[in-house]
$ cat protein_19.tsv   # TSV, N, CA and C atoms
chain	number	residue	atom	x	y	z
L	14	MET	N	92.89	72.99	113.13
L	14	MET	CA	92.56	74.32	113.61
L	14	MET	C	91.60	74.94	112.61
L	15	ASN	N	90.56	75.53	113.10
L	15	ASN	CA	89.58	76.11	112.18
L	15	ASN	C	89.93	77.55	111.83
L	16	LYS	N	89.17	78.10	110.89
L	16	LYS	CA	89.47	79.46	110.42
L	16	LYS	C	89.34	80.49	111.53
L	17	PHE	N	88.40	80.26	112.47
L	17	PHE	CA	88.24	81.20	113.57
L	17	PHE	C	89.51	81.27	114.40
L	18	ASN	N	90.10	80.11	114.71
L	18	ASN	CA	91.32	80.11	115.52
L	18	ASN	C	92.48	80.77	114.79
L	19	ILE	N	92.58	80.54	113.48
L	19	ILE	CA	93.64	81.17	112.70
L	19	ILE	C	93.46	82.68	112.74
L	20	SER	N	92.24	83.13	112.52
L	20	SER	CA	91.97	84.57	112.57
L	20	SER	C	92.27	85.14	113.95
L	21	SER	N	91.88	84.40	114.98
L	21	SER	CA	92.13	84.87	116.35
L	21	SER	C	93.62	85.02	116.62
L	22	ILE	N	94.40	84.06	116.15
L	22	ILE	CA	95.86	84.12	116.33
L	22	ILE	C	96.40	85.36	115.63
L	23	LEU	N	96.00	85.57	114.40
L	23	LEU	CA	96.54	86.68	113.63
L	23	LEU	C	96.13	88.04	114.19
L	24	VAL	N	94.89	88.16	114.66
L	24	VAL	CA	94.44	89.41	115.27
L	24	VAL	C	95.21	89.67	116.56
L	25	ALA	N	95.36	88.65	117.37
L	25	ALA	CA	96.09	88.81	118.63
L	25	ALA	C	97.52	89.25	118.36
L	26	LEU	N	98.13	88.66	117.34
L	26	LEU	CA	99.51	89.02	117.03
L	26	LEU	C	99.61	90.44	116.51
L	27	SER	N	98.62	90.87	115.75
L	27	SER	CA	98.68	92.24	115.24
L	27	SER	C	98.58	93.25	116.37
L	28	LEU	N	97.96	92.86	117.47
L	28	LEU	CA	97.84	93.75	118.63
L	28	LEU	C	99.08	93.69	119.51
L	29	THR	N	99.83	92.59	119.43
L	29	THR	CA	100.99	92.40	120.29
L	29	THR	C	102.02	93.51	120.13
L	30	PHE	N	102.25	93.92	118.91
L	30	PHE	CA	103.29	94.89	118.65
L	30	PHE	C	102.72	96.24	118.22
L	31	SER	N	101.51	96.56	118.67
L	31	SER	CA	100.85	97.76	118.15
L	31	SER	C	100.95	98.97	119.07
L	32	GLY	N	101.85	98.98	120.02
L	32	GLY	CA	102.00	100.15	120.88
L	32	GLY	C	102.45	101.35	120.08
L	33	SER	N	102.22	102.52	120.61
L	33	SER	CA	102.61	103.73	119.87
L	33	SER	C	103.88	104.32	120.47
L	34	SER	N	104.61	104.99	119.64
L	34	SER	CA	105.82	105.65	120.14
L	34	SER	C	105.54	107.13	120.32
L	35	ILE	N	106.12	107.68	121.33
L	35	ILE	CA	105.93	109.09	121.63
L	35	ILE	C	107.22	109.81	121.23
L	36	ALA	N	107.08	110.79	120.36
L	36	ALA	CA	108.25	111.53	119.91
L	36	ALA	C	108.75	112.42	121.04
L	37	GLN	N	110.03	112.29	121.33
L	37	GLN	CA	110.64	113.14	122.34
L	37	GLN	C	112.13	113.20	122.06
L	38	ASN	N	112.74	114.28	122.47
L	38	ASN	CA	114.17	114.40	122.28
L	38	ASN	C	114.89	113.71	123.42
L	39	MET	N	115.98	113.06	123.09
L	39	MET	CA	116.78	112.41	124.13
L	39	MET	C	118.25	112.64	123.82
L	40	SER	N	119.04	112.61	124.87
L	40	SER	CA	120.48	112.81	124.69
L	40	SER	C	121.11	111.54	124.13
L	41	LYS	N	122.33	111.70	123.65
L	41	LYS	CA	123.07	110.55	123.12
L	41	LYS	C	123.30	109.51	124.22
L	42	ASP	N	123.60	109.97	125.43
L	42	ASP	CA	123.82	109.04	126.55
L	42	ASP	C	122.54	108.27	126.88
L	43	GLU	N	121.40	108.97	126.87
L	43	GLU	CA	120.12	108.31	127.13
L	43	GLU	C	119.83	107.28	126.04
L	44	HIS	N	120.15	107.65	124.81
L	44	HIS	CA	119.95	106.75	123.67
L	44	HIS	C	120.78	105.49	123.85
L	45	GLU	N	122.06	105.65	124.17
L	45	GLU	CA	122.96	104.50	124.35
L	45	GLU	C	122.50	103.62	125.51
L	46	ALA	N	122.08	104.22	126.59
L	46	ALA	CA	121.59	103.46	127.74
L	46	ALA	C	120.33	102.68	127.37
L	47	ALA	N	119.44	103.32	126.64
L	47	ALA	CA	118.20	102.66	126.23
L	47	ALA	C	118.51	101.50	125.27
L	48	GLU	N	119.47	101.70	124.39
L	48	GLU	CA	119.84	100.64	123.45
L	48	GLU	C	120.42	99.44	124.19
L	49	LYS	N	121.27	99.70	125.18
L	49	LYS	CA	121.83	98.61	125.99
L	49	LYS	C	120.73	97.87	126.73
L	50	SER	N	119.75	98.60	127.21
L	50	SER	CA	118.62	97.99	127.91
L	50	SER	C	117.81	97.09	126.98
L	51	ILE	N	117.61	97.53	125.75
L	51	ILE	CA	116.88	96.73	124.76
L	51	ILE	C	117.64	95.42	124.48
L	52	VAL	N	118.93	95.52	124.29
L	52	VAL	CA	119.75	94.33	124.02
L	52	VAL	C	119.72	93.38	125.22
L	53	ALA	N	119.81	93.93	126.41
L	53	ALA	CA	119.77	93.10	127.62
L	53	ALA	C	118.41	92.40	127.75
L	54	GLN	N	117.33	93.13	127.47
L	54	GLN	CA	116.00	92.55	127.53
L	54	GLN	C	115.84	91.43	126.50
L	55	TYR	N	116.39	91.64	125.31
L	55	TYR	CA	116.33	90.61	124.27
L	55	TYR	C	117.03	89.34	124.74
L	56	LYS	N	118.21	89.51	125.34
L	56	LYS	CA	118.95	88.33	125.83
L	56	LYS	C	118.14	87.58	126.89
L	57	LEU	N	117.50	88.32	127.80
L	57	LEU	CA	116.66	87.69	128.82
L	57	LEU	C	115.48	86.96	128.18
L	58	ASP	N	114.83	87.63	127.23
L	58	ASP	CA	113.68	87.03	126.56
L	58	ASP	C	114.09	85.76	125.81
L	59	LYS	N	115.24	85.82	125.15
L	59	LYS	CA	115.72	84.66	124.38
L	59	LYS	C	116.11	83.51	125.31
L	60	GLU	N	116.70	83.83	126.45
L	60	GLU	CA	117.05	82.78	127.42
L	60	GLU	C	115.82	82.03	127.90
L	61	LYS	N	114.71	82.74	128.06
L	61	LYS	CA	113.46	82.11	128.48
L	61	LYS	C	113.01	81.08	127.45
L	62	CYS	N	113.35	81.30	126.21
L	62	CYS	CA	112.95	80.39	125.13
L	62	CYS	C	113.70	79.06	125.19
L	63	GLU	N	114.86	79.07	125.81
L	63	GLU	CA	115.69	77.87	125.84
L	63	GLU	C	115.04	76.71	126.58
L	64	SER	N	114.09	77.01	127.45
L	64	SER	CA	113.41	75.94	128.19
L	64	SER	C	112.32	75.27	127.36
L	65	LEU	N	112.02	75.86	126.21
L	65	LEU	CA	110.99	75.32	125.33
L	65	LEU	C	111.62	74.43	124.27
L	66	THR	N	110.79	73.67	123.57
L	66	THR	CA	111.29	72.82	122.50
L	66	THR	C	110.43	72.98	121.26
L	67	GLY	N	110.97	72.53	120.13
L	67	GLY	CA	110.22	72.50	118.89
L	67	GLY	C	109.74	73.87	118.45
L	68	ASN	N	108.53	73.88	117.91
L	68	ASN	CA	107.99	75.12	117.37
L	68	ASN	C	107.68	76.14	118.46
L	69	ALA	N	107.39	75.68	119.66
L	69	ALA	CA	107.15	76.61	120.77
L	69	ALA	C	108.40	77.47	121.00
L	70	GLU	N	109.57	76.85	120.88
L	70	GLU	CA	110.81	77.60	121.03
L	70	GLU	C	110.98	78.58	119.86
L	71	ASP	N	110.67	78.12	118.65
L	71	ASP	CA	110.77	79.00	117.48
L	71	ASP	C	109.86	80.21	117.60
L	72	ILE	N	108.64	80.00	118.09
L	72	ILE	CA	107.69	81.09	118.28
L	72	ILE	C	108.23	82.06	119.33
L	73	CYS	N	108.73	81.53	120.40
L	73	CYS	CA	109.28	82.36	121.48
L	73	CYS	C	110.44	83.22	120.97
L	74	VAL	N	111.34	82.62	120.20
L	74	VAL	CA	112.48	83.36	119.66
L	74	VAL	C	112.00	84.44	118.69
L	75	ALA	N	111.01	84.11	117.85
L	75	ALA	CA	110.46	85.10	116.93
L	75	ALA	C	109.84	86.26	117.70
L	76	GLU	N	109.15	85.96	118.79
L	76	GLU	CA	108.57	87.03	119.61
L	76	GLU	C	109.66	87.90	120.23
L	77	ALA	N	110.72	87.27	120.73
L	77	ALA	CA	111.82	88.02	121.34
L	77	ALA	C	112.51	88.91	120.31
L	78	LYS	N	112.78	88.35	119.13
L	78	LYS	CA	113.42	89.14	118.07
L	78	LYS	C	112.51	90.29	117.63
L	79	GLY	N	111.23	90.01	117.49
L	79	GLY	CA	110.29	91.04	117.09
L	79	GLY	C	110.21	92.16	118.10
L	80	LYS	N	110.16	91.79	119.37
L	80	LYS	CA	110.10	92.79	120.44
L	80	LYS	C	111.35	93.68	120.41
L	81	GLU	N	112.51	93.06	120.18
L	81	GLU	CA	113.75	93.82	120.11
L	81	GLU	C	113.75	94.75	118.89
L	82	LYS	N	113.33	94.23	117.75
L	82	LYS	CA	113.32	95.01	116.51
L	82	LYS	C	112.40	96.23	116.66
L	83	VAL	N	111.23	96.02	117.23
L	83	VAL	CA	110.28	97.12	117.42
L	83	VAL	C	110.84	98.13	118.42
L	84	ALA	N	111.41	97.64	119.51
L	84	ALA	CA	111.96	98.54	120.53
L	84	ALA	C	113.08	99.39	119.95
L	85	LYS	N	113.94	98.80	119.12
L	85	LYS	CA	115.02	99.57	118.50
L	85	LYS	C	114.48	100.61	117.54
L	86	ALA	N	113.47	100.25	116.76
L	86	ALA	CA	112.87	101.21	115.83
L	86	ALA	C	112.21	102.36	116.60
L	87	GLU	N	111.51	102.02	117.68
L	87	GLU	CA	110.87	103.06	118.50
L	87	GLU	C	111.91	103.96	119.15
L	88	LEU	N	113.02	103.37	119.58
L	88	LEU	CA	114.10	104.16	120.16
L	88	LEU	C	114.65	105.15	119.15
L	89	GLU	N	114.88	104.69	117.93
L	89	GLU	CA	115.39	105.59	116.90
L	89	GLU	C	114.38	106.70	116.60
L	90	ALA	N	113.10	106.36	116.62
L	90	ALA	CA	112.05	107.36	116.37
L	90	ALA	C	112.02	108.41	117.49
L	91	LYS	N	112.32	107.99	118.70
L	91	LYS	CA	112.38	108.94	119.81
L	91	LYS	C	113.64	109.79	119.73
L	92	PHE	N	114.74	109.17	119.31
L	92	PHE	CA	116.02	109.87	119.25
L	92	PHE	C	116.05	110.88	118.10
L	93	LYS	N	115.52	110.47	116.94
L	93	LYS	CA	115.48	111.35	115.77
L	93	LYS	C	114.09	111.27	115.15
L	94	PRO	N	113.13	111.97	115.75
L	94	PRO	CA	111.75	111.90	115.25
L	94	PRO	C	111.63	112.41	113.81
L	95	SER	N	110.91	111.63	113.01
L	95	SER	CA	110.64	112.01	111.62
L	95	SER	C	109.55	111.09	111.08
L	96	LYS	N	109.01	111.46	109.93
L	96	LYS	CA	108.04	110.58	109.28
L	96	LYS	C	108.69	109.26	108.90
L	97	GLU	N	109.93	109.32	108.45
L	97	GLU	CA	110.65	108.11	108.07
L	97	GLU	C	110.84	107.19	109.27
L	98	ALA	N	111.18	107.76	110.41
L	98	ALA	CA	111.37	106.96	111.62
L	98	ALA	C	110.05	106.32	112.06
L	99	ALA	N	108.97	107.08	111.96
L	99	ALA	CA	107.64	106.54	112.31
L	99	ALA	C	107.27	105.41	111.35
L	100	TYR	N	107.60	105.58	110.09
L	100	TYR	CA	107.36	104.53	109.09
L	100	TYR	C	108.13	103.27	109.45
L	101	LYS	N	109.39	103.43	109.83
L	101	LYS	CA	110.22	102.28	110.19
L	101	LYS	C	109.66	101.55	111.41
L	102	VAL	N	109.08	102.29	112.35
L	102	VAL	CA	108.43	101.67	113.51
L	102	VAL	C	107.25	100.82	113.04
L	103	SER	N	106.43	101.38	112.18
L	103	SER	CA	105.27	100.65	111.67
L	103	SER	C	105.69	99.39	110.92
L	104	VAL	N	106.72	99.49	110.11
L	104	VAL	CA	107.20	98.33	109.35
L	104	VAL	C	107.80	97.29	110.29
L	105	ALA	N	108.54	97.74	111.29
L	105	ALA	CA	109.12	96.80	112.26
L	105	ALA	C	108.02	96.02	112.97
L	106	LYS	N	106.95	96.71	113.35
L	106	LYS	CA	105.83	96.04	114.00
L	106	LYS	C	105.17	95.04	113.07
L	107	ALA	N	104.97	95.45	111.82
L	107	ALA	CA	104.34	94.56	110.84
L	107	ALA	C	105.20	93.33	110.60
L	108	GLU	N	106.49	93.53	110.45
L	108	GLU	CA	107.38	92.40	110.21
L	108	GLU	C	107.49	91.48	111.42
L	109	ALA	N	107.49	92.06	112.61
L	109	ALA	CA	107.52	91.24	113.83
L	109	ALA	C	106.25	90.40	113.94
L	110	ASN	N	105.12	91.03	113.67
L	110	ASN	CA	103.85	90.28	113.68
L	110	ASN	C	103.88	89.15	112.67
L	111	TYR	N	104.38	89.44	111.48
L	111	TYR	CA	104.44	88.43	110.43
L	111	TYR	C	105.33	87.26	110.83
L	112	ASP	N	106.51	87.56	111.36
L	112	ASP	CA	107.43	86.49	111.74
L	112	ASP	C	106.82	85.57	112.79
L	113	VAL	N	106.15	86.15	113.77
L	113	VAL	CA	105.50	85.34	114.81
L	113	VAL	C	104.32	84.56	114.22
L	114	SER	N	103.54	85.23	113.40
L	114	SER	CA	102.39	84.56	112.78
L	114	SER	C	102.84	83.38	111.94
L	115	LYS	N	103.89	83.58	111.18
L	115	LYS	CA	104.39	82.51	110.32
L	115	LYS	C	104.86	81.32	111.15
L	116	GLU	N	105.52	81.59	112.26
L	116	GLU	CA	105.95	80.49	113.14
L	116	GLU	C	104.75	79.77	113.73
L	117	LYS	N	103.72	80.52	114.10
L	117	LYS	CA	102.52	79.89	114.66
L	117	LYS	C	101.80	79.04	113.62
L	118	CYS	N	101.89	79.44	112.37
L	118	CYS	CA	101.28	78.65	111.30
L	118	CYS	C	101.95	77.29	111.17
L	119	ASP	N	103.21	77.18	111.61
L	119	ASP	CA	103.92	75.91	111.53
L	119	ASP	C	103.27	74.82	112.38
L	120	ASP	N	102.44	75.23	113.34
L	120	ASP	CA	101.74	74.24	114.18
L	120	ASP	C	100.52	73.65	113.46
L	121	ILE	N	100.23	74.16	112.28
L	121	ILE	CA	99.06	73.73	111.52
L	121	ILE	C	99.55	72.93	110.32
L	122	ALA	N	98.74	72.01	109.86
L	122	ALA	CA	99.14	71.19	108.71
L	122	ALA	C	98.20	71.40	107.53
L	123	GLY	N	98.69	70.99	106.37
L	123	GLY	CA	97.86	70.96	105.17
L	123	GLY	C	97.40	72.31	104.68
L	124	ASN	N	96.19	72.31	104.15
L	124	ASN	CA	95.61	73.51	103.55
L	124	ASN	C	95.44	74.63	104.58
L	125	GLU	N	95.10	74.28	105.81
L	125	GLU	CA	94.92	75.31	106.84
L	125	GLU	C	96.23	76.06	107.10
L	126	LYS	N	97.36	75.35	106.99
L	126	LYS	CA	98.65	76.01	107.15
L	126	LYS	C	98.86	77.01	106.02
L	127	ASP	N	98.54	76.61	104.79
L	127	ASP	CA	98.66	77.50	103.65
L	127	ASP	C	97.79	78.74	103.82
L	128	VAL	N	96.56	78.52	104.28
L	128	VAL	CA	95.63	79.63	104.51
L	128	VAL	C	96.19	80.56	105.58
L	129	CYS	N	96.71	79.99	106.64
L	129	CYS	CA	97.28	80.77	107.74
L	129	CYS	C	98.45	81.62	107.25
L	130	GLU	N	99.35	81.01	106.48
L	130	GLU	CA	100.51	81.74	105.97
L	130	GLU	C	100.10	82.85	105.01
L	131	LYS	N	99.12	82.57	104.15
L	131	LYS	CA	98.64	83.60	103.23
L	131	LYS	C	97.97	84.75	103.98
L	132	ALA	N	97.23	84.41	105.03
L	132	ALA	CA	96.59	85.46	105.83
L	132	ALA	C	97.65	86.31	106.53
L	133	ALA	N	98.68	85.68	107.06
L	133	ALA	CA	99.76	86.41	107.72
L	133	ALA	C	100.46	87.34	106.73
L	134	LYS	N	100.71	86.84	105.52
L	134	LYS	CA	101.37	87.64	104.49
L	134	LYS	C	100.48	88.82	104.08
L	135	ALA	N	99.17	88.57	103.98
L	135	ALA	CA	98.24	89.64	103.61
L	135	ALA	C	98.22	90.73	104.67
L	136	ILE	N	98.24	90.33	105.94
L	136	ILE	CA	98.26	91.30	107.04
L	136	ILE	C	99.55	92.12	106.99
L	137	LEU	N	100.67	91.46	106.69
L	137	LEU	CA	101.95	92.16	106.57
L	137	LEU	C	101.89	93.20	105.46
L	138	GLU	N	101.42	92.79	104.30
L	138	GLU	CA	101.36	93.71	103.16
L	138	GLU	C	100.41	94.88	103.44
L	139	GLN	N	99.28	94.59	104.07
L	139	GLN	CA	98.33	95.65	104.40
L	139	GLN	C	98.95	96.65	105.39
L	140	ALA	N	99.64	96.13	106.40
L	140	ALA	CA	100.26	97.01	107.39
L	140	ALA	C	101.35	97.87	106.74
L	141	LYS	N	102.12	97.28	105.83
L	141	LYS	CA	103.15	98.06	105.14
L	141	LYS	C	102.52	99.15	104.27
L	142	SER	N	101.43	98.82	103.60
L	142	SER	CA	100.73	99.80	102.75
L	142	SER	C	100.19	100.95	103.60
L	143	GLU	N	99.60	100.61	104.75
L	143	GLU	CA	99.08	101.64	105.65
L	143	GLU	C	100.21	102.52	106.18
L	144	ALA	N	101.34	101.91	106.50
L	144	ALA	CA	102.48	102.68	107.00
L	144	ALA	C	102.99	103.63	105.93
L	145	LYS	N	103.04	103.15	104.69
L	145	LYS	CA	103.51	103.99	103.59
L	145	LYS	C	102.55	105.16	103.36
L	146	ALA	N	101.24	104.88	103.45
L	146	ALA	CA	100.24	105.94	103.27
L	146	ALA	C	100.36	106.99	104.36
L	147	LYS	N	100.60	106.57	105.59
L	147	LYS	CA	100.76	107.53	106.70
L	147	LYS	C	102.02	108.36	106.53
L	148	GLN	N	103.04	107.73	105.97
L	148	GLN	CA	104.33	108.43	105.78
L	148	GLN	C	104.16	109.61	104.83
L	149	HIS	N	103.27	109.48	103.86
L	149	HIS	CA	103.12	110.52	102.84
L	149	HIS	C	102.06	111.56	103.22
L	150	HIS	N	101.47	111.44	104.39
L	150	HIS	CA	100.46	112.43	104.81
L	150	HIS	C	100.97	113.32	105.89

$ encode --input "protein_19.tsv" --output "structure tokens"
Amino acid sequence: MNKFNISSILVALSLTFSGSSIAQNMSKDEHEAAEKSIVAQYKLDKEKCESLTGNAEDICVAEAKGKEKVAKAELEAKFKPSKEAAYKVSVAKAEANYDVSKEKCDDIAGNEKDVCEKAAKAILEQAKSEAKAKQHH
């Protein structure tokens, strides 16, 4: 895999979890219902992964876990809006992207795999730094 493909994978992944959360007040019942929905969606997403094998399955599971983690962070940000909650959403997205990117790097061998993993780690660190900077503004 060449550097262009590695970059393309990492950019695509950074966009996968980049939706924005809208701050709004919700009742405790709405929160609980939304949380149950997130868990149910995760189970469905994970079940879809069972038909896959090898690293494709690992990537699928990482995507499902990341989607769940981001959804839960966004739910908490909607339930109790704050700068800290918004920060946690940004970090959840960054970590989800990283986990998926790292799994995708497993399909690559040798030095290109190392480059892919380092690029994924750099994107994670940059996203965390940006989230921290936004938290303090």

$ closest_residue --input "protein_19.tsv" --among "L:Ala47, L:Val52, L:Ala99, L:Ile72" --to "Lys147 (chain L)" --atoms "only N, CA and C atoms"
L:Ala99

$ residues_around --input "protein_19.tsv" --residues "Val102 (chain L)" --least-positions-apart "5" --cutoff "7 Å" --atoms "only C-alpha atoms" --output "PyMOL selection string"
chain L and resi 83+86-87

$ select_by_dssp --input "protein_19.tsv" --residues "chain L" --states "alpha helix (DSSP H)" --output "ChimeraX atom specification"
/L:16-29,41-62,67-92,96-118,123-148

$ closest_residue --input "protein_19.tsv" --among "L:Lys85, L:Lys91, L:Lys80, L:Lys141" --to "Ala107 (chain L)" --atoms "all atoms listed in the file"
L:Lys141

$ closest_residue --input "protein_19.tsv" --among "L:Glu125, L:Glu76, L:Glu81, L:Asp58" --to "Asp112 (chain L)" --atoms "only N, CA and C atoms"
L:Glu76

$ closest_residue --input "protein_19.tsv" --among "L:Ile51, L:Val128, L:Val113, L:Leu57" --to "Ala75 (chain L)" --atoms "only N, CA and C atoms"
L:Val113

$ atom_distance --input "protein_19.tsv" --atom1 "CA of Tyr111 (chain L)" --atom2 "CA of Ala69 (chain L)"
15.9 Å

$ atom_distance --input "protein_19.tsv" --atom1 "atom N of Lys56 (chain L)" --atom2 "atom N of Glu89 (chain L)"
17.2 Å

$ atom_distance --input "protein_19.tsv" --atom1 "CA of Ala140 (chain L)" --atom2 "CA of Lys59 (chain L)"
26.1 Å

$ closest_residue --input "protein_19.tsv" --among "L:Thr66, L:Ala84, L:Ala109, L:Lys115" --to "Ala53 (chain L)" --atoms "only C-alpha atoms"
L:Ala84

$ residues_around --input "protein_19.tsv" --residues "Asn68 (chain L)" --least-positions-apart "5" --cutoff "8 Å" --atoms "all atoms listed in the file" --output "number ranges by chain"
L: 73-74, 116-117, 119-120

$ write_last_selection --input "protein_19.tsv" --atoms "N, CA and C atoms" --output "PDB file, in the coordinates of the input"
ATOM      1  N   CYS L  73     108.730  81.530 120.400  1.00  0.00           N
ATOM      2  CA  CYS L  73     109.280  82.360 121.480  1.00  0.00           C
ATOM      3  C   CYS L  73     110.440  83.220 120.970  1.00  0.00           C
ATOM      4  N   VAL L  74     111.340  82.620 120.200  1.00  0.00           N
ATOM      5  CA  VAL L  74     112.480  83.360 119.660  1.00  0.00           C
ATOM      6  C   VAL L  74     112.000  84.440 118.690  1.00  0.00           C
ATOM      7  N   GLU L 116     105.520  81.590 112.260  1.00  0.00           N
ATOM      8  CA  GLU L 116     105.950  80.490 113.140  1.00  0.00           C
ATOM      9  C   GLU L 116     104.750  79.770 113.730  1.00  0.00           C
ATOM     10  N   LYS L 117     103.720  80.520 114.100  1.00  0.00           N
ATOM     11  CA  LYS L 117     102.520  79.890 114.660  1.00  0.00           C
ATOM     12  C   LYS L 117     101.800  79.040 113.620  1.00  0.00           C
ATOM     13  N   ASP L 119     103.210  77.180 111.610  1.00  0.00           N
ATOM     14  CA  ASP L 119     103.920  75.910 111.530  1.00  0.00           C
ATOM     15  C   ASP L 119     103.270  74.820 112.380  1.00  0.00           C
ATOM     16  N   ASP L 120     102.440  75.230 113.340  1.00  0.00           N
ATOM     17  CA  ASP L 120     101.740  74.240 114.180  1.00  0.00           C
ATOM     18  C   ASP L 120     100.520  73.650 113.460  1.00  0.00           C
TER      19      ASP L 120
END

$ closest_residue --input "protein_19.tsv" --among "L:Leu88, L:Ala144, L:Asn110, L:Pro94" --to "His44 (chain L)" --atoms "all atoms listed in the file"
L:Leu88
